[in-house]
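Colleague: You'll find final35.tsv just under this line, and it carries TSV, C-alpha atoms.
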chain	number	residue	atom	x	y	z
A	1	MET	CA	157.77	115.98	132.21
A	2	THR	CA	160.90	115.24	130.23
A	3	ARG	CA	161.20	116.34	126.65
A	4	VAL	CA	162.92	113.80	124.45
A	5	HIS	CA	164.07	114.80	120.98
A	6	PRO	CA	161.52	113.42	118.48
A	7	ILE	CA	164.25	111.65	116.50
A	8	TYR	CA	164.93	109.42	119.51
A	9	ALA	CA	161.43	109.32	120.96
A	10	ALA	CA	160.13	107.58	117.83
A	11	MET	CA	163.17	105.39	117.28
A	12	ALA	CA	162.98	101.62	117.65
A	13	PRO	CA	165.96	99.53	118.78
A	14	THR	CA	168.42	98.76	115.99
A	15	ILE	CA	167.82	95.57	114.02
A	16	PHE	CA	171.05	94.22	115.52
A	17	GLU	CA	169.89	94.79	119.10
A	18	HIS	CA	166.43	93.46	118.26
A	19	MET	CA	167.64	90.22	116.71
A	20	SER	CA	170.32	89.63	119.34
A	21	GLY	CA	167.69	90.16	122.04
A	22	LEU	CA	165.48	87.55	120.38
A	23	ALA	CA	168.46	85.21	120.10
A	24	ARG	CA	169.07	85.50	123.85
A	25	ALA	CA	165.40	85.09	124.67
A	26	HIS	CA	165.03	81.95	122.54
A	27	GLY	CA	168.47	80.43	123.09
A	28	ALA	CA	169.15	80.75	119.37
A	29	ILE	CA	172.39	80.55	117.42
A	30	ASN	CA	173.24	84.18	116.74
A	31	LEU	CA	174.34	84.65	113.13
A	32	GLY	CA	172.81	88.12	113.19
A	33	GLN	CA	174.99	90.60	115.05
A	34	GLY	CA	178.52	90.53	113.66
A	35	PHE	CA	181.13	89.29	116.11
A	36	PRO	CA	183.46	86.28	116.21
A	37	ASP	CA	182.65	83.55	118.72
A	38	GLY	CA	186.21	82.37	119.11
A	39	PRO	CA	188.71	83.56	121.74
A	40	PRO	CA	190.78	86.65	120.97
A	41	HIS	CA	194.31	86.23	119.71
A	42	PRO	CA	196.53	85.60	122.78
A	43	ASP	CA	198.99	88.25	121.56
A	44	MET	CA	196.31	90.92	121.91
A	45	VAL	CA	195.24	89.72	125.35
A	46	ALA	CA	198.88	89.69	126.47
A	47	ALA	CA	199.42	93.21	125.13
A	48	ALA	CA	196.38	94.52	126.99
A	49	THR	CA	197.39	92.69	130.18
A	50	ARG	CA	200.89	94.22	130.07
A	51	ALA	CA	199.43	97.65	129.49
A	52	LEU	CA	197.09	97.27	132.47
A	53	ALA	CA	200.02	96.24	134.66
A	54	GLU	CA	202.67	98.65	133.39
A	55	LYS	CA	201.05	101.72	131.81
A	56	SER	CA	199.04	104.67	133.07
A	57	HIS	CA	195.38	104.25	133.99
A	58	GLN	CA	194.65	107.98	133.78
A	59	TYR	CA	193.28	110.09	130.96
A	60	PRO	CA	195.31	109.70	127.78
A	61	PRO	CA	195.45	112.63	125.33
A	62	ALA	CA	192.07	113.44	123.83
A	63	LEU	CA	193.29	112.80	120.28
A	64	GLY	CA	194.73	109.42	121.26
A	65	LEU	CA	198.06	108.08	122.48
A	66	PRO	CA	200.82	109.36	120.18
A	67	GLU	CA	202.12	105.80	119.91
A	68	LEU	CA	198.76	104.56	118.62
A	69	ARG	CA	198.37	107.44	116.16
A	70	ASP	CA	201.84	106.66	114.83
A	71	ALA	CA	200.99	102.95	114.66
A	72	ILE	CA	197.82	103.65	112.65
A	73	ALA	CA	199.78	105.79	110.18
A	74	GLY	CA	202.43	103.07	109.92
A	75	PHE	CA	199.84	100.34	109.40
A	76	TYR	CA	198.26	102.23	106.52
A	77	ALA	CA	201.66	102.99	105.00
A	78	ARG	CA	202.59	99.29	104.96
A	79	ARG	CA	199.27	97.82	103.93
A	80	GLN	CA	197.71	100.52	101.73
A	81	GLY	CA	200.55	102.78	100.67
A	82	LEU	CA	199.01	105.83	102.36
A	83	VAL	CA	201.31	108.59	103.60
A	84	LEU	CA	199.85	109.91	106.86
A	85	THR	CA	201.27	111.73	109.85
A	86	ARG	CA	200.26	111.58	113.49
A	87	GLU	CA	198.52	114.95	113.07
A	88	GLN	CA	196.10	113.39	110.60
A	89	VAL	CA	194.86	110.67	112.96
A	90	VAL	CA	192.40	110.90	115.87
A	91	VAL	CA	191.56	107.89	118.07
A	92	THR	CA	187.90	107.41	119.00
A	93	SER	CA	185.83	105.05	121.14
A	94	GLY	CA	184.89	102.85	118.24
A	95	ALA	CA	184.21	103.62	114.59
A	96	THR	CA	180.59	104.60	115.33
A	97	GLU	CA	181.89	107.42	117.51
A	98	ALA	CA	184.24	108.44	114.70
A	99	LEU	CA	181.25	108.57	112.37
A	100	ALA	CA	179.31	110.68	114.87
A	101	ALA	CA	182.19	113.14	115.28
A	102	ALA	CA	182.62	113.46	111.52
A	103	ILE	CA	178.92	113.99	110.89
A	104	LEU	CA	178.47	116.49	113.73
A	105	ALA	CA	181.51	118.45	112.59
A	106	LEU	CA	180.77	118.47	108.86
A	107	VAL	CA	176.98	118.39	108.38
A	108	HIS	CA	175.23	121.76	108.58
A	109	PRO	CA	171.45	122.24	108.93
A	110	GLY	CA	169.82	121.64	105.56
A	111	ASP	CA	172.79	119.84	104.02
A	112	GLU	CA	171.85	116.86	101.88
A	113	VAL	CA	173.93	113.70	102.28
A	114	PRO	CA	173.58	110.82	99.79
A	115	LEU	CA	173.56	107.44	101.53
A	116	PHE	CA	174.13	104.25	99.59
A	117	GLN	CA	171.51	101.74	100.67
A	118	PRO	CA	171.82	99.26	102.33
A	119	ALA	CA	173.56	101.36	104.96
A	120	TYR	CA	174.84	100.97	108.50
A	121	ASP	CA	171.93	102.07	110.63
A	122	SER	CA	173.70	104.89	112.51
A	123	TYR	CA	174.24	107.04	109.41
A	124	ALA	CA	170.76	108.44	108.82
A	125	PRO	CA	169.86	109.20	112.48
A	126	MET	CA	173.17	110.99	113.03
A	127	ILE	CA	172.75	113.06	109.88
A	128	ARG	CA	169.25	114.04	110.95
A	129	ARG	CA	170.43	114.91	114.47
A	130	ALA	CA	173.02	117.24	112.92
A	131	GLY	CA	170.23	118.92	110.95
A	132	GLY	CA	171.08	117.28	107.64
A	133	VAL	CA	168.88	115.41	105.18
A	134	PRO	CA	169.79	111.82	104.23
A	135	VAL	CA	169.18	111.10	100.54
A	136	SER	CA	168.79	107.44	99.67
A	137	VAL	CA	170.75	106.02	96.73
A	138	PRO	CA	169.69	102.36	96.55
A	139	LEU	CA	172.08	99.67	95.36
A	140	SER	CA	170.74	96.47	93.83
A	141	PRO	CA	171.61	92.82	94.46
A	142	PRO	CA	173.38	90.68	93.57
A	143	GLY	CA	176.28	92.96	92.59
A	144	TRP	CA	175.39	96.07	94.63
A	145	ARG	CA	177.35	98.22	92.12
A	146	TYR	CA	177.64	102.03	92.21
A	147	ASP	CA	175.79	103.58	89.26
A	148	ALA	CA	177.17	106.97	88.17
A	149	ASP	CA	173.89	108.24	86.72
A	150	ARG	CA	171.85	107.28	89.78
A	151	ILE	CA	174.38	108.93	92.09
A	152	ALA	CA	174.58	112.10	89.99
A	153	ALA	CA	170.78	112.34	90.04
A	154	ALA	CA	170.87	112.40	93.86
A	155	ILE	CA	173.27	115.38	93.97
A	156	THR	CA	171.68	118.84	94.25
A	157	PRO	CA	173.00	122.31	95.10
A	158	ARG	CA	172.37	121.43	98.76
A	159	THR	CA	174.58	118.32	98.69
A	160	ARG	CA	177.68	118.80	100.83
A	161	LEU	CA	178.89	115.34	101.71
A	162	LEU	CA	178.91	111.77	100.46
A	163	MET	CA	178.85	108.71	102.74
A	164	LEU	CA	180.70	105.64	101.46
A	165	ASN	CA	180.95	102.27	103.21
A	166	ASP	CA	183.62	100.20	101.48
A	167	PRO	CA	183.84	97.23	101.81
A	168	LEU	CA	180.06	97.32	102.02
A	169	ASN	CA	178.24	95.87	104.99
A	170	PRO	CA	175.94	93.91	104.72
A	171	ALA	CA	176.66	92.91	101.12
A	172	GLY	CA	180.34	92.05	101.56
A	173	THR	CA	181.18	93.65	98.20
A	174	VAL	CA	184.09	95.95	97.36
A	175	ALA	CA	184.12	99.05	95.15
A	176	SER	CA	186.18	98.64	92.00
A	177	GLU	CA	188.98	101.00	90.99
A	178	THR	CA	186.65	102.37	88.30
A	179	GLU	CA	183.89	103.02	90.83
A	180	LEU	CA	186.30	104.75	93.22
A	181	ALA	CA	187.56	106.96	90.38
A	182	MET	CA	183.97	107.84	89.48
A	183	LEU	CA	183.13	108.74	93.09
A	184	ALA	CA	186.30	110.82	93.41
A	185	ASP	CA	185.39	112.68	90.21
A	186	LEU	CA	181.86	113.39	91.48
A	187	CYS	CA	183.20	114.69	94.80
A	188	GLN	CA	185.59	117.06	93.05
A	189	ARG	CA	183.13	118.30	90.42
A	190	HIS	CA	180.47	119.00	93.06
A	191	ASP	CA	182.85	120.12	95.85
A	192	LEU	CA	181.84	117.33	98.22
A	193	ILE	CA	183.57	115.87	101.25
A	194	ALA	CA	183.49	112.07	101.50
A	195	ILE	CA	183.06	110.35	104.86
A	196	CYS	CA	184.42	106.86	104.21
A	197	ASP	CA	183.51	104.06	106.60
A	198	GLU	CA	186.29	101.57	105.84
A	199	VAL	CA	186.13	99.42	108.95
A	200	TRP	CA	186.20	96.20	106.87
A	201	GLU	CA	189.33	97.27	104.95
A	202	ASP	CA	191.49	94.45	106.36
A	203	VAL	CA	188.81	91.74	106.27
A	204	ARG	CA	189.04	91.02	102.54
A	205	PHE	CA	189.23	87.64	100.83
A	206	ASP	CA	189.89	88.62	97.21
A	207	GLY	CA	193.66	88.89	97.56
A	208	VAL	CA	193.56	92.59	96.64
A	209	ALA	CA	194.98	95.29	98.90
A	210	HIS	CA	192.37	97.76	100.11
A	211	ARG	CA	192.22	101.00	98.13
A	212	SER	CA	190.84	104.00	100.03
A	213	LEU	CA	189.03	106.90	98.41
A	214	LEU	CA	191.54	108.99	100.37
A	215	ALA	CA	194.25	107.65	98.05
A	216	MET	CA	192.52	108.77	94.86
A	217	PRO	CA	193.97	111.86	93.13
A	218	GLY	CA	192.39	115.07	94.38
A	219	MET	CA	190.80	113.48	97.46
A	220	GLU	CA	193.54	114.17	100.01
A	221	ARG	CA	191.78	117.20	101.48
A	222	ARG	CA	188.19	116.10	101.03
A	223	THR	CA	188.13	112.61	102.61
A	224	VAL	CA	187.59	111.39	106.16
A	225	LYS	CA	188.76	107.76	106.43
A	226	ILE	CA	187.35	105.77	109.36
A	227	GLY	CA	188.85	102.53	110.69
A	228	SER	CA	188.26	100.04	113.49
A	229	ALA	CA	190.53	97.87	115.60
A	230	GLY	CA	187.45	95.81	116.45
A	231	LYS	CA	187.19	94.61	112.87
A	232	ILE	CA	190.93	94.33	112.16
A	233	PHE	CA	191.53	92.13	115.23
A	234	GLY	CA	188.10	90.55	115.69
A	235	LEU	CA	187.67	92.35	119.03
A	236	SER	CA	184.35	94.11	118.56
A	237	GLY	CA	183.91	94.89	122.26
A	238	TRP	CA	187.16	96.83	122.58
A	239	LYS	CA	185.59	99.83	120.81
A	240	VAL	CA	188.82	101.39	119.57
A	241	GLY	CA	188.36	103.27	116.31
A	242	TRP	CA	189.85	106.26	114.54
A	243	PHE	CA	189.56	108.67	111.67
A	244	ALA	CA	192.23	110.07	109.37
A	245	ALA	CA	191.94	113.29	107.36
A	246	ALA	CA	193.93	116.31	106.27
A	247	PRO	CA	195.53	117.92	109.36
A	248	ASP	CA	193.19	120.93	109.58
A	249	MET	CA	190.10	118.77	109.08
A	250	ALA	CA	191.35	116.17	111.57
A	251	GLN	CA	191.86	118.93	114.15
A	252	ALA	CA	188.31	120.24	113.65
A	253	LEU	CA	186.78	116.76	113.85
A	254	GLY	CA	188.86	116.16	116.96
A	255	ARG	CA	187.03	119.03	118.61
A	256	ALA	CA	183.74	117.24	118.03
A	257	HIS	CA	185.24	114.00	119.38
A	258	GLN	CA	186.41	115.68	122.60
A	259	PHE	CA	182.80	116.46	123.53
A	260	LEU	CA	181.51	112.98	122.74
A	261	THR	CA	183.77	110.53	124.59
A	262	PHE	CA	186.86	112.74	125.04
A	263	THR	CA	189.15	109.72	125.05
A	264	THR	CA	189.40	105.92	124.91
A	265	PRO	CA	190.72	103.43	127.53
A	266	PRO	CA	194.53	103.72	127.49
A	267	ALA	CA	195.34	100.03	127.99
A	268	LEU	CA	193.36	99.12	124.89
A	269	GLN	CA	195.09	101.88	122.94
A	270	TRP	CA	198.50	100.51	123.93
A	271	ALA	CA	197.45	96.99	122.95
A	272	VAL	CA	196.08	98.08	119.56
A	273	ALA	CA	199.29	100.02	118.87
A	274	GLU	CA	201.28	96.85	119.54
A	275	GLY	CA	198.96	94.78	117.39
A	276	LEU	CA	199.08	97.12	114.40
A	277	ALA	CA	202.86	96.69	114.30
A	278	LYS	CA	202.55	92.90	113.77
A	279	PRO	CA	204.01	91.55	110.51
A	280	ASP	CA	201.78	90.88	107.54
A	281	ALA	CA	201.97	87.12	108.14
A	282	TRP	CA	200.28	87.59	111.52
A	283	PHE	CA	197.29	89.26	109.88
A	284	ALA	CA	197.27	86.69	107.07
A	285	ASP	CA	196.89	83.83	109.57
A	286	GLN	CA	193.95	85.56	111.25
A	287	ARG	CA	192.28	86.29	107.92
A	288	ALA	CA	192.81	82.68	106.81
A	289	GLY	CA	190.72	81.50	109.74
A	290	TRP	CA	187.87	83.79	108.77
A	291	ALA	CA	188.22	82.77	105.11
A	292	ALA	CA	187.89	79.11	106.07
A	293	ALA	CA	184.71	79.85	108.03
A	294	ARG	CA	183.37	81.86	105.09
A	295	GLN	CA	183.96	78.97	102.69
A	296	HIS	CA	182.52	76.46	105.15
A	297	LEU	CA	179.26	78.38	105.57
A	298	ALA	CA	178.92	79.09	101.84
A	299	GLN	CA	179.36	75.42	100.96
A	300	ALA	CA	177.00	74.24	103.71
A	301	LEU	CA	174.32	76.69	102.56
A	302	GLU	CA	174.70	75.68	98.93
A	303	ARG	CA	174.51	71.97	99.78
A	304	ALA	CA	171.28	72.72	101.66
A	305	GLY	CA	169.80	74.46	98.62
A	306	PHE	CA	170.28	78.10	99.57
A	307	VAL	CA	171.51	80.57	96.96
A	308	VAL	CA	174.52	82.52	98.28
A	309	LEU	CA	175.35	85.95	96.85
A	310	PRO	CA	178.92	86.88	95.84
A	311	ASN	CA	181.11	88.12	98.69
A	312	ALA	CA	184.64	89.50	98.88
A	313	ALA	CA	184.87	90.99	102.39
A	314	THR	CA	183.38	91.36	105.90
A	315	TRP	CA	182.22	88.55	108.22
A	316	PHE	CA	178.92	88.16	106.37
A	317	LEU	CA	177.31	86.14	103.62
A	318	CYS	CA	173.94	87.00	102.13
A	319	ILE	CA	171.43	84.49	100.80
A	320	ASP	CA	168.71	85.15	98.24
A	321	LEU	CA	165.53	83.81	99.83
A	322	ALA	CA	163.42	84.01	96.67
A	323	ALA	CA	166.03	82.19	94.59
A	324	SER	CA	166.21	79.61	97.38
A	325	GLY	CA	162.51	78.84	96.99
A	326	ILE	CA	161.34	80.87	100.00
A	327	THR	CA	158.40	83.22	99.48
A	328	LEU	CA	158.54	84.90	102.88
A	329	ALA	CA	159.94	88.43	103.00
A	330	ASP	CA	163.32	88.68	104.71
A	331	ARG	CA	161.96	90.36	107.85
A	332	ASP	CA	159.23	87.74	108.25
A	333	PHE	CA	161.68	84.91	107.65
A	334	ALA	CA	164.16	86.32	110.17
A	335	GLU	CA	161.50	86.88	112.85
A	336	ARG	CA	160.13	83.38	112.46
A	337	ALA	CA	163.50	81.66	112.08
A	338	VAL	CA	164.86	82.97	115.37
A	339	ARG	CA	161.74	81.80	117.22
A	340	GLU	CA	160.94	78.59	115.35
A	341	ALA	CA	164.35	77.44	114.11
A	342	GLY	CA	166.61	78.92	116.77
A	343	VAL	CA	168.78	80.90	114.33
A	344	ALA	CA	169.15	84.68	114.37
A	345	SER	CA	169.93	86.57	111.17
A	346	ILE	CA	169.61	90.10	109.77
A	347	PRO	CA	167.00	91.00	107.13
A	348	VAL	CA	168.83	93.30	104.73
A	349	SER	CA	165.67	95.34	104.07
A	350	ALA	CA	166.05	96.68	107.64
A	351	LEU	CA	169.20	98.50	106.47
A	352	PHE	CA	167.32	100.45	103.81
A	353	GLU	CA	165.16	103.54	104.06
A	354	GLY	CA	162.27	103.52	101.61
A	355	ASP	CA	161.94	100.87	98.91
A	356	ALA	CA	164.17	97.87	99.47
A	357	PRO	CA	164.68	94.36	98.18
A	358	ARG	CA	162.86	92.09	100.63
A	359	HIS	CA	164.43	88.76	99.78
A	360	ILE	CA	168.02	89.11	101.08
A	361	LEU	CA	169.16	87.71	104.45
A	362	ARG	CA	172.55	88.33	106.10
A	363	LEU	CA	174.38	85.67	108.11
A	364	CYS	CA	177.60	86.08	110.11
A	365	PHE	CA	180.16	83.34	109.42
A	366	ALA	CA	182.76	84.27	112.08
A	367	LYS	CA	181.81	81.21	114.14
A	368	ASP	CA	183.19	77.70	114.57
A	369	HIS	CA	182.33	75.17	111.89
A	370	ALA	CA	180.10	73.06	114.12
A	371	THR	CA	177.98	76.09	115.00
A	372	LEU	CA	177.64	76.99	111.33
A	373	ASP	CA	176.65	73.43	110.42
A	374	GLU	CA	173.98	73.34	113.11
A	375	ALA	CA	172.62	76.72	112.03
A	376	VAL	CA	172.34	75.62	108.40
A	377	ALA	CA	170.64	72.36	109.39
A	378	ARG	CA	168.10	74.31	111.44
A	379	LEU	CA	167.43	76.80	108.65
A	380	ALA	CA	167.00	74.02	106.09
A	381	ALA	CA	164.58	72.16	108.34
A	382	PHE	CA	162.64	75.36	108.95
A	383	ARG	CA	162.45	76.09	105.22
A	384	ASP	CA	160.92	72.64	104.69
A	385	THR	CA	158.04	73.55	107.03
A	386	LEU	CA	157.03	76.65	105.08
Please express the file's structure as structure tokens.
Modeller:
Amino acid sequence: MTRVHPIYAAMAPTIFEHMSGLARAHGAINLGQGFPDGPPHPDMVAAATRALAEKSHQYPPALGLPELRDAIAGFYARRQGLVLTREQVVVTSGATEALAAAILALVHPGDEVPLFQPAYDSYAPMIRRAGGVPVSVPLSPPGWRYDADRIAAAITPRTRLLMLNDPLNPAGTVASETELAMLADLCQRHDLIAICDEVWEDVRFDGVAHRSLLAMPGMERRTVKIGSAGKIFGLSGWKVGWFAAAPDMAQALGRAHQFLTFTTPPALQWAVAEGLAKPDAWFADQRAGWAAARQHLAQALERAGFVVLPNAATWFLCIDLAASGITLADRDFAERAVREAGVASIPVSALFEGDAPRHILRLCFAKDHATLDEAVARLAAFRDTL
């Protein structure tokens, strides 16, 4: 008889897998799981094709191709003003693997780790598997702001780390300079390391350059910054991620990474390195396409009578069901909508532990306009039947 760890034995599929499975089963429009429907940029396909034809197919270095590590450092220097060296960057098989390596390397048994809720659903299970204790710090719609008093109340003598997702998925909000300064001050006063999930850093629509907690004074040696080529290029299936940290911390986290996936497909690493060197205008064109889809979905939802929450980043918009005249809880609405209306979504309460607002629904807008129009029409018709 096999013995499965109780954390995994009792675990249900993620809400993303669950809703995407229902979408497939019911032939629904999938606005739940976050991925673009359109074709990848031909430059990225060409780069990967050349790498497959011309480069090595054998194990690349465990910490990542030097060319990609240099390209990541260069990308952050140009776009965020960060000064990083190759020694501070480790390439991983996606940002979720980078998160796992960071948590396994930094969380000790009994350590408490504040998690801002809503939170990406891998955080809490990984913290528990490392022996740590997730501590929920709920954020509130519609602004989802970081409250200094509430955060300070969650910090105890056993707190060792802080998890920050900025820009915040699923809310699509961005921490202000004041909030980042407050978080940096808390980390320094309480001697905390910050694991910063910044995968949406280059998918922003507010015209403001991303500001990492790593860039705040005093945070250079106490921040792990995590990024994702999947989000930067709209290639979620490539699973090329990375983390950046002070050299000694990066080396230690790299040891955890080497026993998780060891390395990442070399052709994709070469292609991402080439892509990260593209001029700013190249990225601006890509972001403009997403921005147009974002505006299109927001306007279609508002015309149909749905209340859309403010958004500055990510591929997601959230709607307030209660304000839109819908009395169903978000989970009930999502479960029924995928079956009865043929539209998959994500109930935001599924990304909380403990008490949660149960009237917020997340929709992915990285689709073509016709698909978005059809999805809104279906949701509006479904609402009229309730």
Colleague: Padding 5 Å on every side, please: axis-aligned box over the listed atoms of range 275-290 of chain A, centre and edge lengths to one decimal in Å, as lines of an AutoDock Vina configuration file.
Modeller:
center_x = 195.9
center_y = 89.3
center_z = 112.1
size_x = 26.1
size_y = 25.6
size_z = 20.6
Colleague: Just the residues within 10 Å of range 10-22 of chain A, please, counting all atoms listed in the file, with nothing from its chain fewer than 3 positions along; format it as a tab-separated table (two decimals) with C-alpha atoms, in the frame of the given file.
Modeller:
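File produced: selection39.tsv:
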chain	number	residue	atom	x	y	z
A	4	VAL	CA	162.92	113.80	124.45
A	5	HIS	CA	164.07	114.80	120.98
A	6	PRO	CA	161.52	113.42	118.48
A	7	ILE	CA	164.25	111.65	116.50
A	25	ALA	CA	165.40	85.09	124.67
A	26	HIS	CA	165.03	81.95	122.54
A	27	GLY	CA	168.47	80.43	123.09
A	28	ALA	CA	169.15	80.75	119.37
A	29	ILE	CA	172.39	80.55	117.42
A	30	ASN	CA	173.24	84.18	116.74
A	31	LEU	CA	174.34	84.65	113.13
A	32	GLY	CA	172.81	88.12	113.19
A	33	GLN	CA	174.99	90.60	115.05
A	34	GLY	CA	178.52	90.53	113.66
A	121	ASP	CA	171.93	102.07	110.63
A	122	SER	CA	173.70	104.89	112.51
A	125	PRO	CA	169.86	109.20	112.48
A	331	ARG	CA	161.96	90.36	107.85
A	334	ALA	CA	164.16	86.32	110.17
A	335	GLU	CA	161.50	86.88	112.85
A	338	VAL	CA	164.86	82.97	115.37
A	339	ARG	CA	161.74	81.80	117.22
A	342	GLY	CA	166.61	78.92	116.77
A	343	VAL	CA	168.78	80.90	114.33
A	344	ALA	CA	169.15	84.68	114.37
A	345	SER	CA	169.93	86.57	111.17
A	346	ILE	CA	169.61	90.10	109.77
A	347	PRO	CA	167.00	91.00	107.13
A	348	VAL	CA	168.83	93.30	104.73
A	350	ALA	CA	166.05	96.68	107.64
A	351	LEU	CA	169.20	98.50	106.47
Colleague: Within 9 Å of Leu115 in chain A, counting only C-alpha atoms, which residues show up once you throw out same-chain ones fewer than 4 positions away? Write them as a ChimeraX atom specification, please.
Modeller: /A:119,123-124,134-138,162-164
Colleague: Return the single residue from A:Ala71, A:Val174, A:Val240, A:Leu168 that is closest to Pro266 in chain A, with distances computed using all atoms listed in the file.
Modeller: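 Result for the nearest residue to Pro266 in chain A: A:Val240.
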Colleague: Write out as an MDAnalysis selection string the residues lying within 12 Å of range 369-376 of chain A, counting all atoms listed in the file and excluding same-chain residues fewer than 5 positions away.
Modeller: chainID A and resid 28:32 36:38 289:306 317 319 337:338 341:345 363:364 381:383
Colleague: Create the file for the chosen residues now, containing C-alpha atoms and written as a compact mmCIF listing (two decimals), keeping the file's coordinate frame.
Modeller:
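Final output, saved to result_24.txt:
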# COMPACT_ATOMS: atom_id res chain seq x y z
CA ALA A 28 169.15 80.75 119.37
CA ILE A 29 172.39 80.55 117.42
CA ASN A 30 173.24 84.18 116.74
CA LEU A 31 174.34 84.65 113.13
CA GLY A 32 172.81 88.12 113.19
CA PRO A 36 183.46 86.28 116.21
CA ASP A 37 182.65 83.55 118.72
CA GLY A 38 186.21 82.37 119.11
CA GLY A 289 190.72 81.50 109.74
CA TRP A 290 187.87 83.79 108.77
CA ALA A 291 188.22 82.77 105.11
CA ALA A 292 187.89 79.11 106.07
CA ALA A 293 184.71 79.85 108.03
CA ARG A 294 183.37 81.86 105.09
CA GLN A 295 183.96 78.97 102.69
CA HIS A 296 182.52 76.46 105.15
CA LEU A 297 179.26 78.38 105.57
CA ALA A 298 178.92 79.09 101.84
CA GLN A 299 179.36 75.42 100.96
CA ALA A 300 177.00 74.24 103.71
CA LEU A 301 174.32 76.69 102.56
CA GLU A 302 174.70 75.68 98.93
CA ARG A 303 174.51 71.97 99.78
CA ALA A 304 171.28 72.72 101.66
CA GLY A 305 169.80 74.46 98.62
CA PHE A 306 170.28 78.10 99.57
CA LEU A 317 177.31 86.14 103.62
CA ILE A 319 171.43 84.49 100.80
CA ALA A 337 163.50 81.66 112.08
CA VAL A 338 164.86 82.97 115.37
CA ALA A 341 164.35 77.44 114.11
CA GLY A 342 166.61 78.92 116.77
CA VAL A 343 168.78 80.90 114.33
CA ALA A 344 169.15 84.68 114.37
CA SER A 345 169.93 86.57 111.17
CA LEU A 363 174.38 85.67 108.11
CA CYS A 364 177.60 86.08 110.11
CA ALA A 381 164.58 72.16 108.34
CA PHE A 382 162.64 75.36 108.95
CA ARG A 383 162.45 76.09 105.22
Colleague: Kindly provide the residues of range 175-289 of chain A that approach range 92-106 of chain A to within 7 Å, each paired with its closest atom pair and their distance in Å to one decimal, based on only C-alpha atoms, listed by chain and increasing number, as a Markdown table.
Modeller:
| residue | atom | partner | partner_atom | distance |
| --- | --- | --- | --- | --- |
| A:Ile226 | CA | A:Ala95 | CA | 6.5 |
| A:Gly227 | CA | A:Ala95 | CA | 6.2 |
| A:Ser228 | CA | A:Ala95 | CA | 5.5 |
| A:Lys239 | CA | A:Gly94 | CA | 4.0 |
| A:Val240 | CA | A:Gly94 | CA | 4.4 |
| A:Gly241 | CA | A:Gly94 | CA | 4.0 |
| A:Trp242 | CA | A:Thr92 | CA | 5.0 |
| A:Phe243 | CA | A:Ala98 | CA | 6.1 |
| A:Leu253 | CA | A:Ala105 | CA | 5.7 |
| A:Ala256 | CA | A:Ala101 | CA | 5.2 |
| A:His257 | CA | A:Ala101 | CA | 5.2 |
| A:Thr261 | CA | A:Ser93 | CA | 6.8 |
| A:Thr263 | CA | A:Thr92 | CA | 6.6 |
| A:Thr264 | CA | A:Ser93 | CA | 5.3 |
Colleague: May I ask which of the residues A:Val107, A:Ala356, A:Ala366, A:Ile193 is the closest one to Ser236 in chain A, counting only C-alpha atoms?
Modeller: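 When distances to Ser236 in chain A are compared using only C-alpha atoms, the smallest one comes from A:Ala366.
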Colleague: Would you work out the distance separating CA of Ile72 in chain A from CA of Glu87 in chain A, expressed in Å to one decimal?
Modeller: 11.3 Å
Colleague: Give me the residues of range 184-300 of chain A that have any atom at most 8 Å from an atom of range 57-66 of chain A; for each, the nearest atom pair and the distance in Å, rounded to one decimal. Use all atoms listed in the file, sort by chain and number, and format it as a Markdown table.
Modeller:
| residue | atom | partner | partner_atom | distance |
| --- | --- | --- | --- | --- |
| A:Gly254 | CA | A:Leu63 | CA | 6.5 |
| A:Gln258 | CA | A:Ala62 | CA | 6.2 |
| A:Phe262 | CA | A:Ala62 | CA | 5.4 |
| A:Thr263 | CA | A:Ala62 | CA | 4.9 |
| A:Thr264 | CA | A:Gly64 | CA | 7.3 |
| A:Pro265 | CA | A:Pro60 | CA | 7.8 |
| A:Pro266 | CA | A:Pro60 | CA | 6.0 |
| A:Ala267 | CA | A:His57 | CA | 7.3 |
| A:Gln269 | CA | A:Leu65 | CA | 6.9 |
| A:Trp270 | CA | A:Leu65 | CA | 7.7 |
Colleague: For each of A:Glu274, A:Glu67, A:Glu340, A:Asp149, take the minimum atom-to-atom distance to Ala46 in chain A, counting all atoms listed in the file, then give the residue where this is smallest.
Modeller: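 Distance minimum relative to Ala46 in chain A lands on A:Glu274.
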Colleague: Give me range 8-26 of chain A from this structure - C-alpha atoms, as a short mmCIF file (atom, residue, chain, number, x, y, z; two decimals), in the first residue's frame.
Modeller:
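Listed below is the output, result-v2.cif:
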data_model
loop_
_atom_site.label_atom_id
_atom_site.label_comp_id
_atom_site.auth_asym_id
_atom_site.auth_seq_id
_atom_site.Cartn_x
_atom_site.Cartn_y
_atom_site.Cartn_z
CA TYR A 8 -1.38 15.86 -1.48
CA ALA A 9 -3.74 13.04 -0.57
CA ALA A 10 -6.40 15.55 0.50
CA MET A 11 -5.73 18.06 -2.24
CA ALA A 12 -8.29 18.77 -4.95
CA PRO A 13 -7.29 19.83 -8.47
CA THR A 14 -6.50 23.53 -8.78
CA ILE A 15 -9.39 25.83 -9.66
CA PHE A 16 -7.66 26.47 -12.99
CA GLU A 17 -7.49 22.78 -13.88
CA HIS A 18 -11.04 22.25 -12.65
CA MET A 19 -12.57 25.05 -14.68
CA SER A 20 -10.53 24.29 -17.80
CA GLY A 21 -11.62 20.65 -17.53
CA LEU A 22 -15.25 21.75 -17.37
CA ALA A 23 -14.67 24.07 -20.33
CA ARG A 24 -13.35 21.14 -22.39
CA ALA A 25 -16.16 18.85 -21.28
CA HIS A 26 -18.88 21.37 -22.16
#
